[in-house]
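Read through the structure below, which is laid out as structure tokens, and then see the notes.
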Amino acid sequence: MGFSLQVSLPPPPPLPPLTATNTATFTLIRPVTNLRFKPPLCASTQQQLVVSEENELKSINGAPEENVPLPLGLRRESIPRHVAVIMDGNRRWARLRGLPVDSGYEAGVKSLRNIAELCCKWGIRVLTIFAFSSDNWFRPKMEVEFLMSLLEEGLKEEMGSFLRDNIRITVIGDLTKLPKSQVELIRNVEETTKNNTRFQMIVAVSYSGKDDLVQACQRIAMKVKDGVIEPSDINESLIEQELETNCTEFPYPDLLIRTSGELRVSNFMLWQLAYTELFFAQSLWPDFGEAEFIEALRSFQRRRRSYGG
């Protein structure tokens with residue numbers, strides 16, 4: 001029986017200390033941003049070494065997920081195919097430390113990258129993240145601009161990793177409020193990665209579960225009006241086809257994780273979460289790491305999913 005030895009890349013040079021402040025300011029400098037995108041997104045699987053019983057080392061760069069050992073207590077046959085996450089608590093994390101709010105968001109990006117790597121490593125096929133809700137447009141203008149800049153930089157700087165690691169990126173939500181240049185960037189990333197099959201990340205931006213249902217109904221109504229279908233043809237399958245999550249092979253999340261101790265779904269994927277298992281973590285999102293993710297997966301695997309049966 002073997003065991004795994006993780007080989008990490010050398011750490012980057014230390015960053016200058018942040019000056020504590022209780023003011024929710026947004027300085028558009030990126031001390032952490034440049035740190036986020038250096039290794040490949042799924043570097044943890046590419047750099048894994050397996051040690052056999054005879055203590056012989058052999059590289060399994062790019063090994064399929066079934067060859068990567070799972071953490072103790074997790075069963076491969078019960079790994080969820082689709083995990084959705086409401087990444088809550090970034091602002092609170094910063095305020096508790098007397099830091100600007102943008103520092104909380106940048107710390108949250110690091111947590112997202114870590115969870116995405118673990119999904120790749122453990123064979124989770126789809127990760128959907130609630131990056132920006134339709135209600136978030138009411139937040140301060142500088143905060144909104146900062147969040148949009150993080151999205152834009154992330155897509156640009158990660159493109160090489162998406163292609164190298166066979167990762168598909170899809171963005172859902174009402175993009176009409178985004179600048180034209182950002183919409184063009186999103187469509188380019190989606191088109192460039194659409195044939196990647198190892199792992200899919202769905203990014204919900206300007207998204208509303210209610211609006212998703214409304215637009216699906218509008219599309220179906222137009223088909224009835226145009227004589228394409230009859231009202232009697234409308235069923236669950238037809239509605240599912242018109243939802244924005246028709247972009248994935250697995251449109252229904254098996255597990256929803258929400259951080260920061262909040263116990264609600266906040267207008268996220270209302271139709272798709274009908275039979276989803278819910279896990280509410282006390283950790284703020286920047287503190288949600290491998291141990292917390294394992295706890296959520298273990299909780300999921302202890303449950304019996306009967307779908308009403």
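Please note that chains go A, B, ... in the order of the structure tokens, that every chain numbers its residues from 1, and that ligands are numbered from 1 in the order shown.
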Subject >> Residues of stretch 70-233 of chain A in strand (DSSP E or B), written as a PyMOL selection string >> reply: chain A and resi 82-86+126-133+167-172+199-207
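For the pair atom CA of A:Val126 and atom CA of A:Arg91, the interatomic distance is 26.2 Å.
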**OP:** Could you give me, as number ranges by chain, each residue of stretch 165-248 of chain A that DSSP assigns to alpha helix (DSSP H) when run on this structure's backbone?
**Re:** A: 180-193, 209-225, 236-242
Please provide the set of residues having any atom within 10 Å of A:Arg305, restricted to only C-alpha atoms, with same-chain residues fewer than 6 positions apart removed, written as a JSON list (two decimals) with all heavy atoms, in the first residue's frame.
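Writing the result to part_18.json gives the following:
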[["chain", "number", "residue", "atom", "x", "y", "z"],
["A", 254, "ASP", "N", -24.89, 18.40, -6.28],
["A", 254, "ASP", "CA", -25.08, 17.38, -5.26],
["A", 254, "ASP", "C", -24.93, 17.98, -3.87],
["A", 254, "ASP", "O", -25.60, 17.56, -2.93],
["A", 254, "ASP", "CB", -24.06, 16.26, -5.44],
["A", 254, "ASP", "CG", -24.17, 15.59, -6.80],
["A", 254, "ASP", "OD1", -25.22, 14.99, -7.07],
["A", 254, "ASP", "OD2", -23.21, 15.70, -7.57],
["A", 275, "TYR", "N", -32.99, 19.09, -4.70],
["A", 275, "TYR", "CA", -32.60, 17.90, -3.95],
["A", 275, "TYR", "C", -31.14, 17.95, -3.50],
["A", 275, "TYR", "O", -30.54, 16.92, -3.16],
["A", 275, "TYR", "CB", -32.84, 16.64, -4.78],
["A", 275, "TYR", "CG", -34.29, 16.34, -4.99],
["A", 275, "TYR", "CD1", -34.92, 16.63, -6.19],
["A", 275, "TYR", "CD2", -35.06, 15.77, -3.96],
["A", 275, "TYR", "CE1", -36.27, 16.37, -6.38],
["A", 275, "TYR", "CE2", -36.40, 15.50, -4.14],
["A", 275, "TYR", "CZ", -37.01, 15.81, -5.35],
["A", 275, "TYR", "OH", -38.34, 15.54, -5.52],
["A", 276, "THR", "N", -30.58, 19.13, -3.49],
["A", 276, "THR", "CA", -29.18, 19.30, -3.11],
["A", 276, "THR", "C", -29.01, 19.17, -1.59],
["A", 276, "THR", "O", -29.82, 19.67, -0.82],
["A", 276, "THR", "CB", -28.67, 20.68, -3.57],
["A", 276, "THR", "OG1", -28.78, 20.75, -4.99],
["A", 276, "THR", "CG2", -27.24, 20.92, -3.14],
["A", 277, "GLU", "N", -27.93, 18.51, -1.18],
["A", 277, "GLU", "CA", -27.58, 18.46, 0.24],
["A", 277, "GLU", "C", -26.91, 19.78, 0.62],
["A", 277, "GLU", "O", -26.06, 20.29, -0.12],
["A", 277, "GLU", "CB", -26.63, 17.30, 0.51],
["A", 277, "GLU", "CG", -27.20, 15.93, 0.21],
["A", 277, "GLU", "CD", -28.36, 15.56, 1.12],
["A", 277, "GLU", "OE1", -28.37, 16.03, 2.28],
["A", 277, "GLU", "OE2", -29.26, 14.81, 0.68]]
Original post:
Please, what distance in Å, to one decimal, runs between atom CA of A:Arg198 and atom CA of A:Glu117?
Top reply: 12.0 Å
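Atom CA of A:Glu262 sits 8.2 Å away from atom CA of A:Ala281.
Residues in contact with A:Tyr252 at up to 8 Å, not including ones fewer than 3 positions away on its chain and judged by only C-alpha atoms, are His82, Gln272, Leu273 and Thr276 of chain A.
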